[in-house]
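File shown here: structure-v3.tsv, holding TSV, C-alpha atoms.
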chain	number	residue	atom	x	y	z
A	30	MET	CA	21.89	-9.53	-14.49
A	31	ASN	CA	23.47	-6.74	-12.51
A	32	SER	CA	23.97	-8.08	-8.99
A	33	SER	CA	24.25	-4.65	-7.36
A	34	VAL	CA	20.79	-3.77	-8.70
A	35	VAL	CA	19.43	-7.02	-7.25
A	36	ARG	CA	21.00	-6.20	-3.91
A	37	SER	CA	19.68	-2.60	-3.81
A	38	ALA	CA	16.21	-3.81	-4.80
A	39	PHE	CA	16.25	-6.49	-2.11
A	40	PHE	CA	17.28	-4.05	0.62
A	41	LYS	CA	14.65	-1.58	-0.56
A	42	SER	CA	11.97	-4.29	-0.34
A	43	LEU	CA	13.00	-5.53	3.14
A	44	PRO	CA	10.67	-3.22	5.11
A	45	VAL	CA	7.74	-4.79	3.27
A	46	MET	CA	8.84	-8.36	3.91
A	47	ALA	CA	7.72	-8.78	7.51
A	48	GLY	CA	4.37	-7.10	6.94
A	49	TYR	CA	3.55	-8.99	3.75
A	50	VAL	CA	4.55	-12.39	5.08
A	51	VAL	CA	2.53	-11.88	8.26
A	52	LEU	CA	-0.53	-10.35	6.62
A	53	GLY	CA	-0.27	-13.04	3.93
A	54	ILE	CA	-0.24	-15.72	6.66
A	55	GLY	CA	-3.32	-14.11	8.18
A	56	PHE	CA	-5.06	-14.24	4.83
A	57	GLY	CA	-4.04	-17.88	4.21
A	58	ILE	CA	-5.38	-18.92	7.63
A	59	LEU	CA	-8.74	-17.19	7.10
A	60	LEU	CA	-9.15	-18.64	3.62
A	61	GLN	CA	-8.30	-22.11	4.91
A	62	LYS	CA	-10.90	-21.75	7.67
A	63	ALA	CA	-13.44	-20.71	5.01
A	64	GLY	CA	-12.84	-24.05	3.31
A	65	TYR	CA	-10.43	-23.06	0.53
A	66	GLY	CA	-6.98	-24.63	0.65
A	67	VAL	CA	-3.48	-23.77	-0.43
A	68	LEU	CA	-4.03	-23.64	-4.19
A	69	TRP	CA	-6.79	-21.09	-3.72
A	70	ALA	CA	-4.57	-18.97	-1.47
A	71	PHE	CA	-1.76	-19.19	-4.01
A	72	ALA	CA	-4.02	-18.27	-6.94
A	73	MET	CA	-5.66	-15.33	-5.17
A	74	SER	CA	-2.39	-13.83	-3.96
A	75	LEU	CA	-0.74	-14.34	-7.33
A	76	LEU	CA	-3.59	-13.02	-9.49
A	77	ILE	CA	-5.42	-10.42	-7.38
A	78	TYR	CA	-2.43	-9.21	-5.33
A	79	ALA	CA	-4.35	-6.61	-3.33
A	80	GLY	CA	-4.34	-7.28	0.40
A	81	SER	CA	-7.50	-5.67	1.70
A	82	MET	CA	-9.46	-6.84	-1.37
A	83	GLN	CA	-8.45	-10.43	-0.74
A	84	TYR	CA	-9.67	-10.24	2.87
A	85	VAL	CA	-12.98	-8.83	1.58
A	86	GLY	CA	-12.94	-11.45	-1.18
A	87	ILE	CA	-13.12	-14.33	1.32
A	88	GLY	CA	-16.51	-13.01	2.40
A	89	LEU	CA	-17.67	-12.65	-1.20
A	90	ILE	CA	-16.68	-16.21	-2.07
A	91	THR	CA	-18.14	-17.88	1.00
A	92	GLY	CA	-21.28	-15.72	0.84
A	93	GLY	CA	-21.86	-16.70	-2.78
A	94	ALA	CA	-21.88	-13.13	-4.09
A	95	SER	CA	-22.87	-12.37	-7.68
A	96	VAL	CA	-20.42	-11.32	-10.39
A	97	LEU	CA	-21.88	-7.79	-10.37
A	98	THR	CA	-21.57	-7.43	-6.58
A	99	THR	CA	-17.99	-8.67	-6.75
A	100	PHE	CA	-17.18	-6.25	-9.58
A	101	ILE	CA	-18.65	-3.23	-7.75
A	102	THR	CA	-17.08	-4.18	-4.40
A	103	THR	CA	-13.67	-4.52	-6.05
A	104	ILE	CA	-14.02	-1.06	-7.60
A	105	MET	CA	-14.99	0.45	-4.22
A	106	VAL	CA	-12.18	-1.23	-2.29
A	107	ASN	CA	-9.50	-0.74	-4.93
A	108	ALA	CA	-10.38	2.64	-6.43
A	109	ARG	CA	-7.27	4.11	-4.80
A	110	HIS	CA	-5.17	2.17	-7.30
A	111	LEU	CA	-6.36	4.59	-10.01
A	112	PHE	CA	-4.68	7.24	-7.94
A	113	TYR	CA	-1.36	5.40	-7.71
A	114	SER	CA	-1.33	4.77	-11.45
A	115	ILE	CA	-2.08	8.41	-12.31
A	116	SER	CA	0.89	9.53	-10.25
A	117	MET	CA	3.20	6.92	-11.84
A	118	ILE	CA	2.33	7.62	-15.51
A	119	ASP	CA	5.45	9.64	-16.22
A	120	ARG	CA	7.75	7.54	-14.05
A	121	TYR	CA	6.77	4.25	-15.70
A	122	LYS	CA	6.53	5.77	-19.19
A	123	ASP	CA	9.80	4.41	-20.57
A	124	SER	CA	10.00	1.17	-18.60
A	125	GLY	CA	9.64	-0.95	-21.77
A	126	LYS	CA	9.23	-4.66	-21.23
A	127	TYR	CA	8.85	-4.23	-17.47
A	128	LYS	CA	5.89	-1.87	-17.79
A	129	PRO	CA	2.95	-4.35	-17.73
A	130	TYR	CA	4.26	-6.07	-14.60
A	131	LEU	CA	5.17	-2.78	-12.88
A	132	ILE	CA	1.56	-1.61	-13.37
A	133	PHE	CA	0.06	-4.96	-12.33
A	134	ALA	CA	2.12	-5.09	-9.12
A	135	LEU	CA	1.53	-1.49	-7.95
A	136	THR	CA	0.22	-2.17	-4.42
A	137	ASP	CA	0.04	0.40	-1.59
A	138	GLU	CA	3.37	-0.78	-0.18
A	139	THR	CA	5.24	-1.05	-3.49
A	140	TYR	CA	3.88	2.38	-4.39
A	141	SER	CA	5.22	3.86	-1.16
A	142	LEU	CA	8.66	2.37	-1.88
A	143	LEU	CA	8.86	3.61	-5.47
A	144	CYS	CA	6.80	6.82	-5.63
A	145	ASP	CA	9.67	9.12	-4.64
A	146	GLY	CA	11.41	8.18	-7.89
A	147	HIS	CA	14.76	7.35	-6.32
A	148	ALA	CA	16.76	4.54	-7.89
A	149	PRO	CA	20.40	3.54	-7.50
A	150	THR	CA	22.68	5.57	-9.78
A	151	GLU	CA	24.27	2.38	-11.16
A	152	GLY	CA	22.28	-0.02	-13.29
A	153	ASP	CA	18.89	0.03	-14.99
A	154	PRO	CA	16.29	1.90	-12.86
A	155	ASN	CA	13.49	-0.04	-14.57
A	156	LEU	CA	15.06	-3.37	-13.66
A	157	TYR	CA	15.42	-2.06	-10.09
A	158	ARG	CA	11.71	-1.10	-9.91
A	159	PHE	CA	10.74	-4.42	-11.47
A	160	LEU	CA	12.73	-6.34	-8.85
A	161	VAL	CA	11.35	-4.34	-5.90
A	162	SER	CA	7.83	-5.09	-7.21
A	163	LEU	CA	8.64	-8.75	-7.77
A	164	PHE	CA	10.21	-9.27	-4.31
A	165	ASP	CA	7.13	-7.72	-2.66
A	166	HIS	CA	4.85	-9.98	-4.71
A	167	CYS	CA	6.89	-13.04	-3.65
A	168	TYR	CA	6.61	-12.11	0.06
A	169	TRP	CA	2.84	-11.83	-0.27
A	170	VAL	CA	2.38	-15.12	-2.12
A	171	THR	CA	4.79	-16.91	0.25
A	172	GLY	CA	2.93	-15.61	3.31
A	173	SER	CA	-0.45	-16.69	1.96
A	174	VAL	CA	0.79	-20.20	1.14
A	175	LEU	CA	2.48	-20.51	4.57
A	176	GLY	CA	-0.70	-19.40	6.33
A	177	SER	CA	-2.76	-21.89	4.42
A	178	LEU	CA	-0.36	-24.76	5.14
A	179	LEU	CA	0.58	-24.00	8.75
A	180	GLY	CA	-2.80	-22.74	9.87
A	181	ALA	CA	-2.73	-21.43	13.40
A	182	VAL	CA	0.36	-23.33	14.64
A	183	ILE	CA	2.67	-20.33	14.85
A	184	PRO	CA	4.85	-20.78	17.96
A	185	PHE	CA	5.05	-17.17	19.17
A	186	SER	CA	2.65	-14.30	19.42
A	187	THR	CA	2.79	-12.07	16.38
A	188	ALA	CA	0.12	-9.74	17.75
A	189	GLY	CA	0.88	-6.22	16.65
A	190	ILE	CA	3.24	-7.11	13.79
A	191	GLU	CA	0.70	-5.65	11.36
A	192	PHE	CA	1.90	-2.28	12.62
A	193	SER	CA	4.89	-2.71	10.27
A	194	MET	CA	2.69	-1.53	7.38
A	195	THR	CA	1.67	1.60	9.30
A	196	ALA	CA	5.32	2.13	10.25
A	197	LEU	CA	6.30	1.83	6.59
A	198	PHE	CA	3.91	4.60	5.56
A	199	ILE	CA	4.91	6.82	8.50
A	200	ALA	CA	8.60	6.39	7.64
A	201	SER	CA	7.88	7.20	3.96
A	202	PHE	CA	5.86	10.24	5.01
A	203	THR	CA	8.64	11.48	7.31
A	204	GLU	CA	11.30	10.90	4.67
A	205	GLN	CA	9.29	12.79	2.05
A	206	TRP	CA	8.77	15.58	4.54
A	207	LEU	CA	12.50	15.84	5.25
A	208	SER	CA	13.52	15.79	1.60
A	209	THR	CA	11.35	18.69	0.41
A	210	HIS	CA	10.64	22.28	1.41
A	211	ASP	CA	7.13	22.25	0.01
A	212	HIS	CA	4.88	20.53	2.54
A	213	ILE	CA	1.56	21.62	1.02
A	214	PRO	CA	0.87	18.33	-0.88
A	215	ALA	CA	1.73	16.17	2.15
A	216	LEU	CA	-0.44	18.27	4.46
A	217	THR	CA	-3.27	18.29	1.91
A	218	GLY	CA	-3.25	14.49	1.87
A	219	LEU	CA	-3.01	14.08	5.62
A	220	LEU	CA	-5.59	16.70	6.64
A	221	SER	CA	-8.12	15.99	3.86
A	222	THR	CA	-8.16	12.31	4.77
A	223	LEU	CA	-8.45	13.09	8.47
A	224	LEU	CA	-11.36	15.43	7.78
A	225	CYS	CA	-13.14	12.83	5.62
A	226	LEU	CA	-12.56	10.16	8.28
A	227	LEU	CA	-14.27	12.37	10.86
A	228	ILE	CA	-17.18	13.21	8.54
A	229	PHE	CA	-17.81	9.89	6.74
A	230	GLY	CA	-16.53	7.35	9.28
A	231	ALA	CA	-13.95	4.54	8.98
A	232	GLU	CA	-15.91	2.48	6.46
A	233	ARG	CA	-16.44	5.00	3.69
A	234	PHE	CA	-14.00	7.90	3.93
A	235	LEU	CA	-11.43	6.82	1.36
A	236	ILE	CA	-13.20	7.79	-1.88
A	237	PRO	CA	-14.36	11.21	-0.56
A	238	ALA	CA	-10.78	11.75	0.66
A	239	MET	CA	-9.35	10.99	-2.79
A	240	LEU	CA	-11.81	13.41	-4.40
A	241	LEU	CA	-11.06	16.14	-1.86
A	242	ILE	CA	-7.28	15.72	-2.28
A	243	THR	CA	-7.59	15.94	-6.08
A	244	LEU	CA	-9.85	18.98	-5.81
A	245	LEU	CA	-7.55	20.86	-3.40
A	246	LEU	CA	-4.40	20.04	-5.37
A	247	THR	CA	-6.16	21.25	-8.52
A	248	ILE	CA	-7.08	24.54	-6.85
A	249	LEU	CA	-3.50	24.90	-5.60
A	250	ARG	CA	-2.00	24.12	-9.01
A	251	ARG	CA	-0.93	27.65	-9.98
A	252	ARG	CA	0.74	28.20	-6.62
A	253	GLU	CA	2.39	24.76	-6.55
A	254	GLU	CA	3.77	24.95	-10.08
A	255	LYS	CA	5.76	28.03	-9.06
A	256	VAL	CA	7.27	26.10	-6.16
A	257	LEU	CA	8.01	22.83	-7.99
B	19	MET	CA	-21.32	-18.14	-7.81
B	20	ASN	CA	-18.29	-20.32	-8.46
B	21	ALA	CA	-15.24	-19.22	-6.42
B	22	ALA	CA	-12.93	-19.38	-9.45
B	23	VAL	CA	-15.20	-17.02	-11.40
B	24	LEU	CA	-15.30	-14.52	-8.53
B	25	ILE	CA	-11.52	-14.66	-8.15
B	26	ALA	CA	-11.20	-13.95	-11.89
B	27	VAL	CA	-13.58	-10.98	-11.54
B	28	MET	CA	-11.59	-9.58	-8.59
B	29	SER	CA	-8.32	-10.08	-10.43
B	30	LEU	CA	-9.46	-8.54	-13.73
B	31	THR	CA	-11.20	-5.59	-12.02
B	32	THR	CA	-8.07	-4.82	-9.99
B	33	ILE	CA	-5.93	-5.07	-13.14
B	34	LEU	CA	-8.38	-2.77	-14.96
B	35	LEU	CA	-8.12	-0.14	-12.19
B	36	ARG	CA	-4.33	-0.30	-12.21
B	37	PHE	CA	-4.04	-0.08	-16.02
B	38	LEU	CA	-6.84	2.39	-16.77
B	39	PRO	CA	-4.89	5.65	-16.28
B	40	PHE	CA	-2.02	4.29	-18.38
B	41	LEU	CA	-4.45	3.31	-21.17
B	42	ILE	CA	-6.27	6.65	-21.10
B	43	PHE	CA	-3.09	8.75	-21.27
B	44	ARG	CA	-1.17	6.42	-23.57
B	45	LYS	CA	-0.11	8.88	-26.26
B	46	GLN	CA	0.95	11.93	-24.32
B	47	THR	CA	0.42	13.02	-20.75
B	48	PRO	CA	-1.60	16.24	-20.33
B	49	PRO	CA	0.25	18.85	-18.21
B	50	TYR	CA	-2.46	18.56	-15.55
B	51	ILE	CA	-1.77	14.83	-15.10
B	52	THR	CA	1.99	15.46	-15.02
B	53	TYR	CA	1.33	18.01	-12.29
B	54	LEU	CA	-0.80	15.53	-10.34
B	55	GLY	CA	2.00	12.97	-10.74
B	56	LYS	CA	4.33	15.34	-8.91
B	57	VAL	CA	2.07	16.42	-6.04
B	58	LEU	CA	0.05	13.23	-5.47
B	59	PRO	CA	2.80	10.97	-3.99
B	60	PRO	CA	3.29	12.90	-0.72
B	61	ALA	CA	-0.48	13.46	-0.50
B	62	ILE	CA	-1.24	9.76	-1.01
B	63	ILE	CA	1.33	8.70	1.58
B	64	GLY	CA	-0.38	11.10	4.00
B	65	MET	CA	-3.70	9.48	3.09
B	66	LEU	CA	-2.29	5.99	3.69
B	67	VAL	CA	-0.99	6.97	7.14
B	68	VAL	CA	-4.52	8.00	8.15
B	69	TYR	CA	-5.97	4.92	6.43
B	70	CYS	CA	-3.76	2.61	8.50
B	71	LEU	CA	-4.68	4.36	11.75
B	72	LYS	CA	-8.41	4.61	11.00
B	73	ASP	CA	-9.47	1.95	13.52
B	74	VAL	CA	-7.52	3.34	16.48
B	75	THR	CA	-9.80	3.89	19.47
B	76	ILE	CA	-9.06	7.26	21.01
B	77	MET	CA	-12.09	7.50	23.29
B	78	SER	CA	-11.69	4.16	25.07
B	79	HIS	CA	-8.77	2.16	26.54
B	80	PRO	CA	-5.89	2.26	25.54
B	81	HIS	CA	-6.73	5.62	23.89
B	82	GLY	CA	-4.44	5.09	20.90
B	83	LEU	CA	-1.37	5.26	23.15
B	84	PRO	CA	0.44	2.22	21.66
B	85	GLU	CA	-0.06	3.66	18.16
B	86	LEU	CA	1.04	7.13	19.29
B	87	ILE	CA	4.21	5.92	21.02
B	88	ALA	CA	5.18	3.56	18.19
B	89	SER	CA	4.48	6.22	15.53
B	90	LEU	CA	6.63	8.74	17.39
B	91	THR	CA	9.41	6.14	17.59
B	92	VAL	CA	9.31	5.78	13.80
B	93	ILE	CA	9.27	9.55	13.19
B	94	VAL	CA	12.08	10.37	15.65
B	95	LEU	CA	14.33	7.57	14.36
B	96	GLN	CA	13.67	8.56	10.75
B	97	VAL	CA	14.53	12.21	11.48
B	98	VAL	CA	17.70	11.28	13.37
B	99	LYS	CA	19.00	8.27	11.38
B	100	ARG	CA	17.26	8.60	7.97
B	101	ASN	CA	17.23	4.77	7.75
B	102	SER	CA	13.73	3.52	6.85
B	103	LEU	CA	14.36	-0.13	7.65
B	104	LEU	CA	15.65	0.73	11.14
B	105	SER	CA	12.70	3.07	11.82
B	106	ILE	CA	10.12	0.52	10.66
B	107	LEU	CA	11.57	-2.45	12.54
B	108	SER	CA	12.05	-0.45	15.76
B	109	GLY	CA	8.57	1.07	15.60
B	110	THR	CA	7.00	-2.34	15.00
B	111	ALA	CA	8.98	-3.93	17.85
B	112	VAL	CA	7.92	-1.12	20.21
B	113	TYR	CA	4.29	-1.57	19.17
B	114	MET	CA	4.37	-5.36	19.66
B	115	LEU	CA	5.95	-5.00	23.11
B	116	LEU	CA	3.41	-2.36	24.10
B	117	ILE	CA	0.31	-4.30	23.11
B	118	GLN	CA	1.55	-7.70	24.29
B	119	LEU	CA	3.10	-6.68	27.64
B	120	ILE	CA	1.71	-3.33	28.77
B	121	PHE	CA	-1.69	-2.52	27.33
For the file at hand, write its structure as structure tokens.
Amino acid sequence: MNSSVVRSAFFKSLPVMAGYVVLGIGFGILLQKAGYGVLWAFAMSLLIYAGSMQYVGIGLITGGASVLTTFITTIMVNARHLFYSISMIDRYKDSGKYKPYLIFALTDETYSLLCDGHAPTEGDPNLYRFLVSLFDHCYWVTGSVLGSLLGAVIPFSTAGIEFSMTALFIASFTEQWLSTHDHIPALTGLLSTLLCLLIFGAERFLIPAMLLITLLLTILRRREEKVL
Amino acid sequence: MNAAVLIAVMSLTTILLRFLPFLIFRKQTPPYITYLGKVLPPAIIGMLVVYCLKDVTIMSHPHGLPELIASLTVIVLQVVKRNSLLSILSGTAVYMLLIQLIF
């Protein structure tokens, strides 16, 4: 295996490490308190691998939800993943044996690391994307297991460390902004979501926002295709 | 319902959502989807920024000030240094200091 690809992938994944380990710990602690131990935390983080869904999932499990409720809730919470996949269709097209895992592991954070399409010039870009995805997955599983085992005995205050995820998206947004002259898509995403947040409130703005973004980008298609 | 069954449902539904677009457009990608693939990434990142900040309280104390200061730290560092890891770690450290010591 090409060690320089491993190194580039590891450095690329570093910004996600702190956030995933800490949010994973938070999840492990909550699940433990709900009466489900380390194997459950491990299984959920390995197999579901969707942060906000797993937090919601604790409530579903302890509340004894039905299969149908769980199915519909998962669709509502995770519908944005349809969006990520649509925008990665061409990029992941020729990823061969890595493709199933790349699609499985496409979380918000991994998406934000890989969606700009950059990969090191040396080595296999598909191996690079696979490793970034795999490292992120490992951080998440490790955090969940640690949280479940250690419970609340963390020696220092980590209050506020969850901001690292916000910081990751803001840094990605800024970097995208700096590397292109066409700011219409970025502004469409930012302002549409803001508008939907104001209209629909914090609990239910995400799906309207996705629809509005798609609608506006569709209307702007003729203009944008001249620019691209 | 059994916890293991519900976990399986959550896992399979999430996998379905992630794979569905790839299954639908398996043979060839329509030009419209290729277009969306180009313009969606910056739009989605914009959406995620708002999504992360959705619970910030602007009307009451501390009026979103820790988030504002930490976000500006990230943006300014990214513009000046173009090093994502540095921007993210510094912004997070600033935020932690602000909410633990000042606000």
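Distances here use all atoms listed in the file; by that measure, the residue among B:Val112, B:Lys56, B:Ala61, B:Thr47 closest to chain A is B:Ala61.
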Compute the set of chain A residues within 7 Å of chain B, using only C-alpha atoms, and express it as JSON, numbers by chain.
{"A": [44, 73, 76, 77, 90, 93, 94, 95, 96, 99, 100, 103, 104, 107, 108, 110, 111, 114, 115, 116, 117, 118, 119, 132, 133, 141, 144, 188, 189, 190, 192, 193, 195, 196, 197, 198, 199, 200, 202, 203, 204, 205, 214, 215, 216, 217, 218, 219, 222, 223, 231]}
Quote the spacing between CA of Lys128 (chain A) and CA of Arg158 (chain A) in Å to one decimal place.
9.8 Å
Find the distance between CA of Lys41 (chain A) and CA of Trp206 (chain A) and write it in Å to one decimal.
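Rounded to one decimal, the two atoms are 18.8 Å apart.
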Please compute the CA of Val45 (chain A)-CA of Ile236 (chain A) distance, one decimal, in Å.
25.0 Å
Enumerate, as a ChimeraX atom specification, the protein, DNA and RNA residues whose atoms approach (6.7, -6.1, -9.9) to within 8 Å, taking into account only C-alpha atoms and the coordinate frame of the file.
/A:130-135,158-166
